[in-house]
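This report concerns only the one structure given below.
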Amino acid sequence: MFLSLPTLTVLIPLVSLAGLFYSASVEENFPQGCTSTTSLCFYSLLLPITIPVYVFFHLWTWMGIKLFRHN
């Protein structure tokens, strides 16, 4: 079963947001306690930032390849 790109585009941010809310409800000192890489809170904050950056650079690379081929 392979999920389509529009489904993943909606599903991944929702899962990230759910993880963020979960960390906010479980951690006592939520914003300050997220500095350790061993905590789940750190990765729940890292994931929503990493995914848009990855998508941006992936599209940037794809556009560069398209422009390079057609010139």
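Here, A, B, ... name the chains of the structure tokens in the order displayed, residue numbers run from 1 inside each chain, and ligands are numbered from 1 in the same displayed order.
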Which residues are close to region 43-57 of chain A, i.e. within 6 Å by only C-alpha atoms, leaving aside same-chain residues fewer than 5 positions away? Reply as a list in words.
Ser16, Gly19 and Leu20 of chain A
Could those residues be written to a file, using N, CA and C atoms, as an mmCIF file, in the first residue's frame?
```cif
data_model
loop_
_atom_site.group_PDB
_atom_site.id
_atom_site.type_symbol
_atom_site.label_atom_id
_atom_site.label_comp_id
_atom_site.auth_asym_id
_atom_site.auth_seq_id
_atom_site.Cartn_x
_atom_site.Cartn_y
_atom_site.Cartn_z
ATOM 1 N N SER A 16 2.802 15.141 12.915
ATOM 2 C CA SER A 16 3.771 15.981 13.622
ATOM 3 C C SER A 16 3.078 16.864 14.649
ATOM 4 N N GLY A 19 2.063 14.792 17.605
ATOM 5 C CA GLY A 19 3.215 14.539 18.469
ATOM 6 C C GLY A 19 3.594 15.756 19.282
ATOM 7 N N LEU A 20 3.473 16.920 18.688
ATOM 8 C CA LEU A 20 3.768 18.160 19.410
ATOM 9 C C LEU A 20 2.786 18.374 20.556
#
```
Mind the document's chain letters and residue numbers, and return as number ranges by chain the residues of chain A that DSSP labels helix (DSSP H, G or I).
A: 5-26, 32-35, 40-70
Would you export the selected residues with C-alpha atoms as a PDB file, in the first residue's frame, please?
```
ATOM      1  CA  LEU A   5       1.851  12.559  -2.354  1.00  0.00           C
ATOM      2  CA  PRO A   6      -1.233  14.685  -1.524  1.00  0.00           C
ATOM      3  CA  THR A   7      -2.158  12.229   1.225  1.00  0.00           C
ATOM      4  CA  LEU A   8       1.351  12.348   2.683  1.00  0.00           C
ATOM      5  CA  THR A   9       1.396  16.139   2.388  1.00  0.00           C
ATOM      6  CA  VAL A  10      -1.614  16.299   4.683  1.00  0.00           C
ATOM      7  CA  LEU A  11      -0.870  13.278   6.874  1.00  0.00           C
ATOM      8  CA  ILE A  12       2.729  14.041   7.911  1.00  0.00           C
ATOM      9  CA  PRO A  13       2.056  17.554   9.304  1.00  0.00           C
ATOM     10  CA  LEU A  14      -0.980  16.234  11.176  1.00  0.00           C
ATOM     11  CA  VAL A  15       1.066  13.451  12.759  1.00  0.00           C
ATOM     12  CA  SER A  16       3.771  15.981  13.622  1.00  0.00           C
ATOM     13  CA  LEU A  17       1.213  18.280  15.191  1.00  0.00           C
ATOM     14  CA  ALA A  18      -0.267  15.388  17.172  1.00  0.00           C
ATOM     15  CA  GLY A  19       3.215  14.539  18.469  1.00  0.00           C
ATOM     16  CA  LEU A  20       3.768  18.160  19.410  1.00  0.00           C
ATOM     17  CA  PHE A  21       0.510  18.298  21.348  1.00  0.00           C
ATOM     18  CA  TYR A  22       1.329  14.979  22.996  1.00  0.00           C
ATOM     19  CA  SER A  23       4.706  16.273  24.127  1.00  0.00           C
ATOM     20  CA  ALA A  24       3.131  19.481  25.379  1.00  0.00           C
ATOM     21  CA  SER A  25       0.644  17.536  27.458  1.00  0.00           C
ATOM     22  CA  VAL A  26       3.151  15.003  28.860  1.00  0.00           C
ATOM     23  CA  GLN A  32      12.508  24.595  28.269  1.00  0.00           C
ATOM     24  CA  GLY A  33      12.823  20.808  28.566  1.00  0.00           C
ATOM     25  CA  CYS A  34      13.130  20.260  24.828  1.00  0.00           C
ATOM     26  CA  THR A  35      16.871  20.900  24.613  1.00  0.00           C
ATOM     27  CA  LEU A  40      10.691  12.897  22.715  1.00  0.00           C
ATOM     28  CA  CYS A  41       9.853  16.579  22.975  1.00  0.00           C
ATOM     29  CA  PHE A  42      12.995  17.546  21.037  1.00  0.00           C
ATOM     30  CA  TYR A  43      12.019  15.426  18.044  1.00  0.00           C
ATOM     31  CA  SER A  44       8.392  16.538  18.137  1.00  0.00           C
ATOM     32  CA  LEU A  45       9.676  20.093  17.668  1.00  0.00           C
ATOM     33  CA  LEU A  46      12.318  19.096  15.111  1.00  0.00           C
ATOM     34  CA  LEU A  47       9.995  17.165  12.793  1.00  0.00           C
ATOM     35  CA  PRO A  48       7.603  20.022  11.866  1.00  0.00           C
ATOM     36  CA  ILE A  49      10.626  22.183  11.028  1.00  0.00           C
ATOM     37  CA  THR A  50      12.535  19.540   9.076  1.00  0.00           C
ATOM     38  CA  ILE A  51       9.753  18.425   6.741  1.00  0.00           C
ATOM     39  CA  PRO A  52       9.033  21.818   5.079  1.00  0.00           C
ATOM     40  CA  VAL A  53      12.760  22.456   4.697  1.00  0.00           C
ATOM     41  CA  TYR A  54      13.204  19.051   3.040  1.00  0.00           C
ATOM     42  CA  VAL A  55      10.273  19.669   0.689  1.00  0.00           C
ATOM     43  CA  PHE A  56      11.583  23.126  -0.238  1.00  0.00           C
ATOM     44  CA  PHE A  57      15.065  21.891  -1.111  1.00  0.00           C
ATOM     45  CA  HIS A  58      13.698  18.846  -2.910  1.00  0.00           C
ATOM     46  CA  LEU A  59      11.544  21.097  -5.116  1.00  0.00           C
ATOM     47  CA  TRP A  60      14.468  23.525  -5.560  1.00  0.00           C
ATOM     48  CA  THR A  61      16.659  20.660  -6.787  1.00  0.00           C
ATOM     49  CA  TRP A  62      13.921  19.372  -9.081  1.00  0.00           C
ATOM     50  CA  MET A  63      13.442  22.853 -10.565  1.00  0.00           C
ATOM     51  CA  GLY A  64      17.188  23.199 -11.098  1.00  0.00           C
ATOM     52  CA  ILE A  65      17.293  19.885 -12.938  1.00  0.00           C
ATOM     53  CA  LYS A  66      14.311  20.887 -15.100  1.00  0.00           C
ATOM     54  CA  LEU A  67      15.891  24.242 -15.992  1.00  0.00           C
ATOM     55  CA  PHE A  68      19.262  22.644 -16.703  1.00  0.00           C
ATOM     56  CA  ARG A  69      17.761  20.095 -19.084  1.00  0.00           C
ATOM     57  CA  HIS A  70      15.733  22.607 -21.078  1.00  0.00           C
TER      58      HIS A  70
END
```
